[in-house]
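Note: the block below is data34.txt and it holds compact mmCIF, C-alpha atoms.
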```txt
# COMPACT_ATOMS: atom_id res chain seq x y z
CA MET V 1 87.55 108.86 77.15
CA LYS V 2 89.62 107.13 79.80
CA GLN V 3 90.89 108.99 82.85
CA ARG V 4 94.69 108.76 82.88
CA LEU V 5 96.27 108.10 86.27
CA THR V 6 99.52 108.40 88.17
CA ILE V 7 99.48 106.38 91.39
CA LEU V 8 102.05 107.57 93.90
CA GLY V 9 102.72 104.72 96.33
CA SER V 10 101.15 101.94 94.28
CA THR V 11 102.72 99.15 96.34
CA GLY V 12 101.23 100.37 99.64
CA SER V 13 97.77 99.52 100.97
CA ILE V 14 96.05 102.55 99.40
CA GLY V 15 97.87 101.99 96.12
CA THR V 16 96.96 98.31 95.85
CA ASN V 17 93.34 99.08 96.72
CA THR V 18 93.31 101.81 94.07
CA LEU V 19 94.55 99.37 91.46
CA ASP V 20 91.88 96.88 92.56
CA VAL V 21 89.20 99.49 91.85
CA VAL V 22 90.86 100.50 88.56
CA ALA V 23 90.97 96.86 87.43
CA ARG V 24 87.20 96.65 87.90
CA HIS V 25 86.72 99.57 85.51
CA ALA V 26 89.30 99.03 82.78
CA ASP V 27 87.04 100.91 80.38
CA LYS V 28 87.27 104.07 82.49
CA PHE V 29 90.94 104.30 83.51
CA GLU V 30 94.43 104.07 82.07
CA VAL V 31 97.44 103.77 84.36
CA VAL V 32 100.22 106.03 83.08
CA ALA V 33 102.67 105.90 86.00
CA LEU V 34 103.26 103.89 89.17
CA THR V 35 105.67 104.60 92.01
CA GLY V 36 106.94 102.49 94.89
CA ALA V 37 109.67 102.24 97.48
CA GLN V 38 111.36 98.82 97.62
CA GLN V 39 108.83 96.10 96.78
CA VAL V 40 110.26 95.13 93.41
CA ASP V 41 108.28 91.90 92.97
CA LEU V 42 104.94 93.58 93.65
CA MET V 43 105.80 96.49 91.34
CA TRP V 44 106.81 93.99 88.66
CA ALA V 45 103.43 92.26 88.97
CA GLN V 46 101.66 95.63 88.72
CA CYS V 47 103.65 96.48 85.59
CA GLN V 48 102.65 93.19 83.98
CA GLN V 49 98.97 93.76 84.74
CA PHE V 50 98.55 97.50 84.13
CA LYS V 51 101.28 98.26 81.56
CA PRO V 52 102.23 101.76 82.78
CA ARG V 53 104.49 103.95 80.65
CA TYR V 54 106.56 105.03 83.65
CA VAL V 55 107.62 103.48 86.94
CA VAL V 56 109.53 105.26 89.69
CA MET V 57 111.27 103.50 92.58
CA ALA V 58 112.43 105.52 95.56
CA HIS V 59 116.05 104.37 95.26
CA GLU V 60 118.39 103.37 92.46
CA ALA V 61 119.12 99.79 93.57
CA PRO V 62 115.53 98.46 93.40
CA ALA V 63 115.03 100.45 90.19
CA ARG V 64 117.93 98.55 88.57
CA VAL V 65 116.49 95.20 89.65
CA LEU V 66 113.09 96.14 88.25
CA GLN V 67 114.66 97.42 85.02
CA ASP V 68 116.33 94.07 84.47
CA LYS V 69 112.99 92.27 84.83
CA ILE V 70 111.26 94.68 82.45
CA ARG V 71 114.00 94.39 79.82
CA ALA V 72 113.88 90.60 80.00
CA GLU V 73 110.15 90.68 79.37
CA GLY V 74 110.36 93.39 76.70
CA LEU V 75 107.77 95.66 78.32
CA PRO V 76 107.76 99.29 77.06
CA VAL V 77 108.13 100.79 80.55
CA GLN V 78 110.56 103.56 81.48
CA VAL V 79 112.03 102.98 84.95
CA MET V 80 113.30 105.93 86.99
CA SER V 81 114.30 106.55 90.59
CA GLY V 82 114.54 109.38 93.10
CA ALA V 83 112.57 112.39 94.29
CA ALA V 84 112.84 114.38 91.04
CA ALA V 85 111.29 111.48 89.11
CA LEU V 86 108.36 111.41 91.56
CA ASP V 87 107.70 115.09 90.85
CA GLU V 88 107.94 114.40 87.12
CA VAL V 89 105.33 111.64 86.98
CA ALA V 90 103.04 113.61 89.31
CA SER V 91 102.92 116.47 86.83
CA LEU V 92 102.98 114.69 83.46
CA PRO V 93 100.93 116.65 80.87
CA GLU V 94 99.11 113.48 79.76
CA VAL V 95 97.97 112.63 83.31
CA ASP V 96 94.48 113.71 84.45
CA ALA V 97 94.45 112.50 88.06
CA VAL V 98 97.07 111.67 90.69
CA MET V 99 96.47 109.32 93.61
CA ALA V 100 98.80 110.63 96.34
CA ALA V 101 99.42 107.67 98.65
CA ILE V 102 103.10 107.96 99.60
CA VAL V 103 103.33 107.66 103.37
CA GLY V 104 104.93 110.50 105.30
CA ALA V 105 106.65 113.75 104.45
CA ALA V 106 108.32 112.08 101.45
CA GLY V 107 105.03 112.48 99.59
CA LEU V 108 104.89 116.26 100.03
CA SER V 109 106.99 117.30 97.03
CA PRO V 110 105.12 115.22 94.39
CA CYS V 111 101.81 116.39 95.90
CA LEU V 112 102.94 119.98 95.41
CA ALA V 113 104.05 119.16 91.87
CA ALA V 114 100.64 117.70 91.04
CA ALA V 115 98.87 120.68 92.61
CA ARG V 116 100.94 123.20 90.65
CA ALA V 117 100.22 121.25 87.46
CA GLY V 118 96.47 121.57 88.08
CA LYS V 119 95.76 117.87 88.44
CA ARG V 120 92.75 116.18 89.96
CA LEU V 121 94.55 115.31 93.20
CA LEU V 122 93.22 112.38 95.22
CA LEU V 123 94.82 113.01 98.58
CA ALA V 124 95.54 109.97 100.74
CA ASN V 125 98.79 111.49 102.02
CA LYS V 126 97.62 113.52 105.02
CA GLU V 127 101.11 114.93 105.49
CA ALA V 128 100.65 117.18 102.44
CA LEU V 129 98.27 119.24 104.56
CA VAL V 130 99.71 118.52 108.01
CA VAL V 131 103.20 119.50 106.89
CA GLY V 132 102.41 121.68 103.89
CA ALA V 133 99.40 123.56 105.28
CA GLU V 134 99.07 126.98 103.60
CA VAL V 135 102.03 126.38 101.26
CA PHE V 136 100.24 123.36 99.82
CA LEU V 137 96.83 125.08 99.66
CA GLN V 138 98.40 128.02 97.84
CA ALA V 139 99.80 125.62 95.23
CA VAL V 140 96.33 124.08 94.82
CA ARG V 141 94.78 127.52 94.29
CA GLU V 142 97.45 128.81 91.94
CA GLY V 143 97.57 125.61 89.89
CA GLY V 144 93.79 125.28 89.68
CA ALA V 145 93.96 121.72 91.00
CA THR V 146 90.91 119.81 92.21
CA LEU V 147 91.56 118.45 95.71
CA LEU V 148 89.60 115.35 96.72
CA PRO V 149 90.16 113.65 100.12
CA ILE V 150 90.68 109.87 100.19
CA ASP V 151 91.11 109.21 103.92
CA SER V 152 87.88 107.47 104.93
CA GLU V 153 87.08 110.14 107.53
CA HIS V 154 87.69 113.13 105.27
CA SER V 155 85.91 111.51 102.35
CA ALA V 156 82.94 110.96 104.68
CA ILE V 157 83.00 114.63 105.72
CA PHE V 158 83.27 115.74 102.10
CA GLN V 159 80.29 113.58 101.17
CA SER V 160 78.28 115.00 104.10
CA LEU V 161 78.97 118.69 103.41
CA PRO V 162 76.95 120.96 101.07
CA GLU V 163 78.14 120.93 97.47
CA ASP V 164 78.98 124.65 97.59
CA PRO V 165 82.13 125.17 99.73
CA THR V 166 81.35 128.87 100.14
CA THR V 167 78.40 127.90 102.39
CA TRP V 168 80.32 125.59 104.72
CA ASN V 169 81.22 128.17 107.35
CA ALA V 170 77.70 129.61 107.57
CA ARG V 171 75.72 126.35 107.47
CA VAL V 172 77.95 123.99 109.46
CA ASP V 173 78.17 124.02 113.25
CA LYS V 174 80.96 121.47 113.59
CA ILE V 175 82.69 118.49 112.04
CA ILE V 176 82.81 115.25 114.03
CA LEU V 177 85.52 112.76 113.14
CA THR V 178 85.00 109.20 114.31
CA ALA V 179 87.81 107.02 115.66
CA SER V 180 87.76 103.27 116.24
CA GLY V 181 90.01 103.55 119.29
CA GLY V 182 92.37 101.02 117.75
CA PRO V 183 93.49 97.80 119.42
CA PHE V 184 94.01 99.33 122.89
CA ARG V 185 90.71 101.12 123.44
CA SER V 186 89.97 99.02 126.52
CA ARG V 187 93.52 98.18 127.60
CA ALA V 188 94.67 99.32 131.02
CA VAL V 189 96.77 102.47 130.69
CA ALA V 190 99.43 101.11 133.06
CA THR V 191 100.14 98.19 130.68
CA LEU V 192 100.72 100.29 127.54
CA LYS V 193 104.47 100.39 128.27
CA ASP V 194 104.51 96.65 127.49
CA VAL V 195 102.86 96.91 124.04
CA THR V 196 104.83 95.21 121.26
CA PRO V 197 105.01 96.35 117.62
CA GLU V 198 103.07 93.25 116.61
CA GLU V 199 100.22 94.13 118.96
CA ALA V 200 100.16 97.75 117.83
CA CYS V 201 99.94 96.77 114.16
CA ALA V 202 96.94 94.46 114.69
CA HIS V 203 94.06 96.86 114.00
CA PRO V 204 90.63 95.40 114.83
CA ASN V 205 88.80 96.84 111.78
CA TRP V 206 91.16 98.03 109.04
CA VAL V 207 94.00 96.41 107.08
CA MET V 208 96.71 99.08 106.92
CA GLY V 209 100.46 99.62 106.75
CA ARG V 210 102.60 99.40 109.88
CA LYS V 211 103.11 103.13 110.37
CA ILE V 212 99.45 104.11 110.15
CA SER V 213 98.50 101.09 112.28
CA VAL V 214 100.74 102.35 115.09
CA ASP V 215 99.28 105.84 114.62
CA SER V 216 95.82 104.35 115.04
CA ALA V 217 96.92 102.56 118.20
CA THR V 218 98.17 105.84 119.73
CA MET V 219 95.37 107.85 118.03
CA MET V 220 98.00 110.13 116.55
CA ASN V 221 96.35 109.34 113.24
CA LYS V 222 93.28 111.14 114.55
CA ALA V 223 95.39 114.09 115.68
CA LEU V 224 96.82 114.36 112.17
CA GLU V 225 93.32 114.00 110.70
CA VAL V 226 92.02 116.87 112.85
CA ILE V 227 94.82 119.05 111.46
CA GLU V 228 94.07 117.86 107.92
CA ALA V 229 90.35 118.61 108.37
CA ARG V 230 91.19 122.14 109.53
CA TYR V 231 92.95 122.87 106.23
CA LEU V 232 90.69 120.82 103.95
CA PHE V 233 87.41 122.29 105.10
CA GLY V 234 88.41 125.68 106.49
CA LEU V 235 86.72 125.42 109.88
CA PRO V 236 88.72 126.50 112.96
CA GLY V 237 89.94 123.96 115.49
CA ASP V 238 87.21 124.69 118.02
CA ARG V 239 84.65 123.45 115.49
CA LEU V 240 86.38 120.10 115.01
CA SER V 241 85.76 117.23 117.42
CA VAL V 242 86.42 113.51 117.76
CA VAL V 243 84.21 110.72 119.07
CA ILE V 244 85.24 107.08 119.54
CA HIS V 245 83.07 104.71 117.51
CA PRO V 246 84.54 101.19 117.79
CA GLN V 247 82.54 99.61 114.96
CA SER V 248 83.94 101.95 112.24
CA VAL V 249 80.59 102.01 110.42
CA ILE V 250 79.99 105.76 110.64
CA HIS V 251 83.13 107.20 109.09
CA SER V 252 82.52 110.82 110.15
CA MET V 253 79.71 113.34 110.57
CA VAL V 254 78.76 116.95 109.96
CA GLN V 255 76.54 118.75 112.46
CA TYR V 256 74.63 121.66 110.97
CA ARG V 257 73.44 124.91 112.53
CA ASP V 258 69.92 123.52 112.97
CA ALA V 259 71.34 120.56 115.00
CA SER V 260 70.81 118.11 112.13
CA VAL V 261 73.64 115.61 111.68
CA VAL V 262 74.57 114.17 108.29
CA ALA V 263 76.81 111.10 108.38
CA GLN V 264 78.39 108.76 105.84
CA LEU V 265 78.17 105.04 106.64
CA GLY V 266 79.72 102.00 105.02
CA THR V 267 81.76 98.88 105.55
CA PRO V 268 85.35 99.57 106.69
CA ASP V 269 86.89 99.14 103.22
CA MET V 270 89.21 101.76 101.71
CA ARG V 271 87.98 100.93 98.23
CA VAL V 272 84.81 102.92 99.00
CA PRO V 273 86.45 106.36 99.40
CA ILE V 274 88.94 105.50 96.65
CA ALA V 275 86.14 104.70 94.19
CA TYR V 276 84.32 107.89 95.18
CA GLY V 277 87.43 109.98 94.57
CA LEU V 278 88.11 108.33 91.23
CA SER V 279 84.54 108.75 89.98
CA TRP V 280 83.53 112.05 91.66
CA PRO V 281 81.02 113.57 91.25
CA GLU V 282 79.57 110.26 90.00
CA ARG V 283 79.50 106.89 91.80
CA MET V 284 80.78 103.50 90.68
CA ASN V 285 81.18 99.98 92.03
CA SER V 286 84.05 99.81 94.53
CA GLY V 287 84.10 96.05 95.05
CA ALA V 288 83.31 96.49 98.75
CA GLN V 289 80.49 94.63 100.48
CA ALA V 290 77.34 96.67 101.04
CA LEU V 291 76.42 97.46 104.62
CA ASP V 292 73.94 94.87 105.95
CA PHE V 293 71.80 96.64 108.54
CA HIS V 294 70.10 93.38 109.50
CA ALA V 295 73.42 91.85 110.52
CA LEU V 296 74.84 95.04 111.98
CA SER V 297 75.63 94.96 115.65
CA ALA V 298 74.77 97.90 117.88
CA MET V 299 76.68 101.08 117.12
CA THR V 300 78.29 102.62 120.19
CA PHE V 301 80.07 105.89 120.92
CA GLU V 302 82.46 106.97 123.65
CA ALA V 303 83.57 110.46 124.61
CA LEU V 304 87.28 111.16 124.84
CA ASP V 305 86.84 112.09 128.50
CA ASP V 306 85.32 108.68 129.35
CA HIS V 307 86.93 105.33 130.20
CA GLY V 308 90.38 106.82 130.74
CA HIS V 309 90.77 107.72 127.05
CA ALA V 310 92.45 111.06 127.81
CA GLU V 311 95.25 109.19 129.59
CA ARG V 312 95.25 106.33 127.09
CA PHE V 313 95.53 108.63 124.05
CA PRO V 314 97.38 111.78 125.22
CA GLY V 315 98.71 112.51 121.74
CA LEU V 316 95.29 113.46 120.40
CA ARG V 317 95.23 116.82 122.18
CA LEU V 318 98.44 117.81 120.39
CA ALA V 319 96.35 118.45 117.27
CA TRP V 320 94.58 121.45 118.76
CA GLU V 321 97.74 122.66 120.50
CA ALA V 322 99.71 122.54 117.24
CA LEU V 323 96.96 124.35 115.33
CA ALA V 324 96.99 127.12 117.92
CA ALA V 325 100.81 127.40 117.83
CA PRO V 326 102.92 129.33 115.26
CA SER V 327 102.84 128.25 111.62
CA GLY V 328 105.11 125.27 111.03
CA THR V 329 104.35 123.58 114.33
CA THR V 330 102.16 120.94 112.68
CA ALA V 331 105.16 120.02 110.49
CA VAL V 332 107.26 119.57 113.64
CA LEU V 333 104.62 117.31 115.16
CA ASN V 334 104.43 115.15 112.04
CA ALA V 335 108.21 114.76 111.78
CA ALA V 336 108.56 113.91 115.45
CA ASN V 337 105.83 111.30 115.18
CA GLU V 338 107.42 109.65 112.15
CA ILE V 339 110.69 109.31 114.06
CA ALA V 340 108.87 108.09 117.17
CA VAL V 341 106.89 105.41 115.33
CA ALA V 342 109.98 104.19 113.48
CA ALA V 343 111.90 103.99 116.75
CA PHE V 344 109.08 102.03 118.37
CA LEU V 345 108.85 99.59 115.46
CA GLU V 346 112.63 99.13 115.74
CA ARG V 347 112.15 98.53 119.51
CA ARG V 348 114.36 101.52 120.43
CA ILE V 349 111.61 103.18 122.48
CA ARG V 350 108.51 101.88 124.26
CA PHE V 351 104.98 102.40 122.99
CA ASP V 352 104.16 104.82 125.81
CA GLN V 353 107.22 106.90 124.91
CA ILE V 354 105.88 107.85 121.47
CA HIS V 355 103.84 110.69 122.96
CA ALA V 356 106.69 111.74 125.26
CA LEU V 357 109.03 112.04 122.27
CA ASN V 358 106.49 114.02 120.24
CA LEU V 359 105.93 116.43 123.12
CA ALA V 360 109.64 116.83 123.83
CA THR V 361 110.35 117.58 120.17
CA LEU V 362 107.60 120.21 120.05
CA ASN V 363 109.22 121.84 123.06
CA ALA V 364 112.73 121.64 121.59
CA PHE V 365 112.51 124.51 119.11
CA LEU V 366 110.19 127.12 117.59
CA PRO V 367 109.96 126.90 113.78
CA ALA V 368 110.07 129.95 111.53
CA ALA V 369 106.94 130.47 109.41
CA PRO V 370 107.37 128.37 106.24
CA ARG V 371 106.85 130.05 102.87
CA SER V 372 108.14 127.39 100.47
CA LEU V 373 108.81 123.69 100.04
CA GLU V 374 112.42 124.32 101.03
CA ASP V 375 111.27 125.94 104.29
CA LEU V 376 108.98 122.98 105.03
CA LEU V 377 111.73 120.45 104.34
CA ALA V 378 114.10 122.41 106.58
CA ILE V 379 111.60 122.33 109.45
CA ASP V 380 111.04 118.62 108.84
CA ALA V 381 114.78 117.91 108.92
CA GLN V 382 115.33 120.01 112.06
CA ALA V 383 112.48 118.29 113.87
CA ARG V 384 113.73 114.83 112.90
CA ALA V 385 117.22 115.69 114.11
CA ALA V 386 115.83 117.00 117.38
CA ALA V 387 113.75 113.84 117.89
CA GLN V 388 116.73 111.58 117.14
CA ASP V 389 118.85 113.59 119.56
CA ILE V 390 116.26 113.17 122.32
CA ILE V 391 116.26 109.39 121.71
CA SER V 392 120.05 109.21 121.73
CA ARG V 393 120.17 111.03 125.05
CA GLY V 394 117.84 108.41 126.51
CA MET V 395 114.07 108.32 126.94
CA ARG V 396 112.71 107.97 130.44
```

How would this structure read if it were set down as structure tokens?
Amino acid sequence: MKQRLTILGSTGSIGTNTLDVVARHADKFEVVALTGAQQVDLMWAQCQQFKPRYVVMAHEAPARVLQDKIRAEGLPVQVMSGAAALDEVASLPEVDAVMAAIVGAAGLSPCLAAARAGKRLLLANKEALVVGAEVFLQAVREGGATLLPIDSEHSAIFQSLPEDPTTWNARVDKIILTASGGPFRSRAVATLKDVTPEEACAHPNWVMGRKISVDSATMMNKALEVIEARYLFGLPGDRLSVVIHPQSVIHSMVQYRDASVVAQLGTPDMRVPIAYGLSWPERMNSGAQALDFHALSAMTFEALDDHGHAERFPGLRLAWEALAAPSGTTAVLNAANEIAVAAFLERRIRFDQIHALNLATLNAFLPAAPRSLEDLLAIDAQARAAAQDIISRGMR
């Protein structure tokens, strides 16, 4: 019997890679619903190839354009738009699994909807945990959902942990996330103020969207991943660490109580963790190239305290500070960073001001402990408004 899928964010990099894997295993999967933001032509091509029953666009205008194309072709696809439609396709009774790949806080509500509906939830949207934290985990528990990480680092950790989650705390000493260091690992700190959006989006190892590419360049992506790991795997912040590994071959590691280290290795191709999530607990062909140890260059590692990395990547420490702060602070950090990255890409602030804006927003207000989606969205909106206000008053 085929596994029936909703793919949230099908026109993004994770979504297109997911569909690439699905196309290789047409006998195993059926695409029920696809969602996208504004890329009408790409969504139209996906509809022609995968014949979903439902498509959701973020806004009404691109949905109308897509609807016209679908009507002209006579495809039996229902086109919808808006946040409520995202929640609907994430919780459809006929859907078995949901790939959650909508970038940013916008993906939180459909993730919660899928969790409450008890879906097999393939989580590529780290904000569900960074923003949602305990509210999201409660929905997973109450809905009986199966939560599977898709980020390459968290998938690697999941693959390296014991099968029984109840043993993780007793058997594991710490989790070690690896980071490539992005395009500016060796760049002089004093020159970071001159970084352009084009330079920041040119990742040396991974092909990713613009927002996550900038996050990799500042290493805020790693800060968010530390927070996500805290909630995914239940270990406190002092048992989570980061090491820079420029080659991106070891995707993350687990160090056990006996000092043994179990790591997951592979080529830097997102189809590997996607295929693992889709087929778990089995394995299937991802389409990625196998790792060739004979051609592999030396693997190197750098501590965050070496080579000026602490000054180069000051945002990374905000992960541990936010985890130690009152509940809701991680949501503030995420919202501030989304505003900061957007402002940088629009050339309204400098690259080196991204961290300054995040820090200033964290200091701007103390959130109340969130207990619902509405509380989380309120914190998100307040943090965004605070960040925009700081920009409007002028960054130094």

Got a sec: who's within 9 Å of Asn334 (chain V), counting all atoms listed in the file, leaving out chain neighbours fewer than 6 positions off, as a ChimeraX atom specification?
-> /V:104-105,127,130-131,224,358,380,383

Within 7 Å of Ser252 (chain V) using all atoms listed in the file, minus same-chain residues under 3 positions, as a PyMOL selection string | chain V and resi 153+156-157+176-178+263-264

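When CA of Gly118 (chain V) is paired with CA of Ser91 (chain V), their separation reads 8.3 Å.
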
Contacts of region 346-356 of chain V at 9 Å (all atoms listed in the file; same-chain gap of 5+ positions) as a PyMOL selection string = chain V and resi 192-197+200+214+218+220+313-315+336-337+339-341+361+391+395-396

Print the selection's residues with C-alpha atoms to a file, as an mmCIF file, in the frame of the given file.
```cif
data_model
loop_
_atom_site.group_PDB
_atom_site.id
_atom_site.type_symbol
_atom_site.label_atom_id
_atom_site.label_comp_id
_atom_site.auth_asym_id
_atom_site.auth_seq_id
_atom_site.Cartn_x
_atom_site.Cartn_y
_atom_site.Cartn_z
ATOM 1 C CA LEU V 192 100.720 100.290 127.540
ATOM 2 C CA LYS V 193 104.470 100.390 128.270
ATOM 3 C CA ASP V 194 104.510 96.650 127.490
ATOM 4 C CA VAL V 195 102.860 96.910 124.040
ATOM 5 C CA THR V 196 104.830 95.210 121.260
ATOM 6 C CA PRO V 197 105.010 96.350 117.620
ATOM 7 C CA ALA V 200 100.160 97.750 117.830
ATOM 8 C CA VAL V 214 100.740 102.350 115.090
ATOM 9 C CA THR V 218 98.170 105.840 119.730
ATOM 10 C CA MET V 220 98.000 110.130 116.550
ATOM 11 C CA PHE V 313 95.530 108.630 124.050
ATOM 12 C CA PRO V 314 97.380 111.780 125.220
ATOM 13 C CA GLY V 315 98.710 112.510 121.740
ATOM 14 C CA ALA V 336 108.560 113.910 115.450
ATOM 15 C CA ASN V 337 105.830 111.300 115.180
ATOM 16 C CA ILE V 339 110.690 109.310 114.060
ATOM 17 C CA ALA V 340 108.870 108.090 117.170
ATOM 18 C CA VAL V 341 106.890 105.410 115.330
ATOM 19 C CA THR V 361 110.350 117.580 120.170
ATOM 20 C CA ILE V 391 116.260 109.390 121.710
ATOM 21 C CA MET V 395 114.070 108.320 126.940
ATOM 22 C CA ARG V 396 112.710 107.970 130.440
#
```

Looking at V:Glu163, V:Glu302, V:Glu134, V:Glu198, which one is nearest to Gly234 (chain V), with distances taken over all atoms listed in the file?
-> V:Glu134

Which residues come within 12 Å of Glu374 (chain V), counting all atoms listed in the file, excluding same-chain residues fewer than 6 positions away, as a count of residues only?
-> 8

Excluding region 33-50 of chain V and residues on its chain fewer than 6 positions from it, collect all residues at most 10 Å away from it, counting only C-alpha atoms, and give them as a PyMOL selection string.
-> chain V and resi 4-12+15-16+19+22-23+26+56-67+69-70+73+75-82+85-86+89-90+92+95+98-99+101-102

Point-to-point distance in Å for CA of Val31 (chain V) and CA of Arg53 (chain V) | 8.0 Å

CA of Arg120 (chain V) to CA of Leu148 (chain V), distance in Å rounded to a single decimal = 7.5 Å

Among V:His307, V:Arg317, V:Arg384, V:Arg371, Phe136 (chain V) is approached most closely, using only C-alpha atoms, by V:Arg371

Which of these residues is nearest to Ala322 (chain V), using all atoms listed in the file: V:Thr300, V:Gln159, V:Gln289, V:Asn363?
->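 Looking only at the distances to Ala322 (chain V), the closest residue turns out to be V:Asn363.
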
From the list V:Thr191, V:Met253, V:Gln247, V:Ala84, which residue is nearest Leu161 (chain V) when using all atoms listed in the file?
->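 The closest residue to Leu161 (chain V) is V:Met253.
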
So which one's closest to Gly266 (chain V), V:Ala72, V:Ala145, V:Leu240, V:Leu296? Using all atoms listed in the file, please.
->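 When distances to Gly266 (chain V) are compared using all atoms listed in the file, the smallest one comes from V:Leu296.
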
Protein/DNA/RNA residues near (95.6, 105.1, 128.7), cut 8 Å, all atoms listed in the file, as a PyMOL selection string | chain V and resi 187-190+192+308-314

Region 188-247 of chain V written out with C-alpha atoms as a PDB file, in the first residue's frame:
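Contents of decode_11.pdb, as written:
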```pdb
ATOM      1  CA  ALA V 188      38.791  38.317   8.448  1.00  0.00           C
ATOM      2  CA  VAL V 189      36.264  39.449  11.038  1.00  0.00           C
ATOM      3  CA  ALA V 190      36.909  43.129  10.272  1.00  0.00           C
ATOM      4  CA  THR V 191      35.721  42.637   6.659  1.00  0.00           C
ATOM      5  CA  LEU V 192      32.357  41.033   7.496  1.00  0.00           C
ATOM      6  CA  LYS V 193      30.667  44.449   7.411  1.00  0.00           C
ATOM      7  CA  ASP V 194      31.326  44.463   3.654  1.00  0.00           C
ATOM      8  CA  VAL V 195      29.659  41.091   2.922  1.00  0.00           C
ATOM      9  CA  THR V 196      27.026  41.234   0.162  1.00  0.00           C
ATOM     10  CA  PRO V 197      23.852  39.115  -0.014  1.00  0.00           C
ATOM     11  CA  GLU V 198      25.288  37.324  -3.036  1.00  0.00           C
ATOM     12  CA  GLU V 199      28.398  36.311  -1.099  1.00  0.00           C
ATOM     13  CA  ALA V 200      26.376  35.187   1.915  1.00  0.00           C
ATOM     14  CA  CYS V 201      24.126  32.982  -0.217  1.00  0.00           C
ATOM     15  CA  ALA V 202      27.053  31.142  -1.861  1.00  0.00           C
ATOM     16  CA  HIS V 203      27.420  28.154   0.477  1.00  0.00           C
ATOM     17  CA  PRO V 204      30.531  26.049  -0.220  1.00  0.00           C
ATOM     18  CA  ASN V 205      28.861  22.628   0.303  1.00  0.00           C
ATOM     19  CA  TRP V 206      25.058  22.792   0.223  1.00  0.00           C
ATOM     20  CA  VAL V 207      22.501  24.114  -2.270  1.00  0.00           C
ATOM     21  CA  MET V 208      19.897  25.884  -0.136  1.00  0.00           C
ATOM     22  CA  GLY V 209      17.396  28.733  -0.111  1.00  0.00           C
ATOM     23  CA  ARG V 210      18.520  32.310   0.501  1.00  0.00           C
ATOM     24  CA  LYS V 211      17.333  32.583   4.095  1.00  0.00           C
ATOM     25  CA  ILE V 212      18.986  29.397   5.348  1.00  0.00           C
ATOM     26  CA  SER V 213      22.129  30.232   3.346  1.00  0.00           C
ATOM     27  CA  VAL V 214      22.470  33.524   5.219  1.00  0.00           C
ATOM     28  CA  ASP V 215      21.799  31.686   8.493  1.00  0.00           C
ATOM     29  CA  SER V 216      24.634  29.316   7.626  1.00  0.00           C
ATOM     30  CA  ALA V 217      26.924  32.248   6.899  1.00  0.00           C
ATOM     31  CA  THR V 218      26.220  33.774  10.340  1.00  0.00           C
ATOM     32  CA  MET V 219      25.931  30.306  11.964  1.00  0.00           C
ATOM     33  CA  MET V 220      22.529  31.297  13.298  1.00  0.00           C
ATOM     34  CA  ASN V 221      21.315  28.120  11.628  1.00  0.00           C
ATOM     35  CA  LYS V 222      23.474  26.214  14.097  1.00  0.00           C
ATOM     36  CA  ALA V 223      22.085  28.233  17.002  1.00  0.00           C
ATOM     37  CA  LEU V 224      18.566  27.297  15.907  1.00  0.00           C
ATOM     38  CA  GLU V 225      19.650  23.676  15.465  1.00  0.00           C
ATOM     39  CA  VAL V 226      21.029  23.555  19.018  1.00  0.00           C
ATOM     40  CA  ILE V 227      17.634  24.739  20.273  1.00  0.00           C
ATOM     41  CA  GLU V 228      15.859  22.202  18.059  1.00  0.00           C
ATOM     42  CA  ALA V 229      18.115  19.398  19.327  1.00  0.00           C
ATOM     43  CA  ARG V 230      17.295  20.350  22.922  1.00  0.00           C
ATOM     44  CA  TYR V 231      13.587  19.747  22.295  1.00  0.00           C
ATOM     45  CA  LEU V 232      13.912  16.836  19.863  1.00  0.00           C
ATOM     46  CA  PHE V 233      16.188  14.705  21.997  1.00  0.00           C
ATOM     47  CA  GLY V 234      15.483  15.930  25.518  1.00  0.00           C
ATOM     48  CA  LEU V 235      19.065  16.593  26.610  1.00  0.00           C
ATOM     49  CA  PRO V 236      19.804  19.869  28.433  1.00  0.00           C
ATOM     50  CA  GLY V 237      21.813  22.620  26.774  1.00  0.00           C
ATOM     51  CA  ASP V 238      25.028  21.823  28.620  1.00  0.00           C
ATOM     52  CA  ARG V 239      25.080  18.428  26.891  1.00  0.00           C
ATOM     53  CA  LEU V 240      24.841  19.922  23.410  1.00  0.00           C
ATOM     54  CA  SER V 241      27.948  21.160  21.605  1.00  0.00           C
ATOM     55  CA  VAL V 242      29.059  22.316  18.166  1.00  0.00           C
ATOM     56  CA  VAL V 243      32.260  21.628  16.252  1.00  0.00           C
ATOM     57  CA  ILE V 244      33.232  23.140  12.892  1.00  0.00           C
ATOM     58  CA  HIS V 245      33.793  20.484  10.230  1.00  0.00           C
ATOM     59  CA  PRO V 246      34.330  22.231   6.869  1.00  0.00           C
ATOM     60  CA  GLN V 247      33.940  19.150   4.667  1.00  0.00           C
TER      61      GLN V 247
END
```
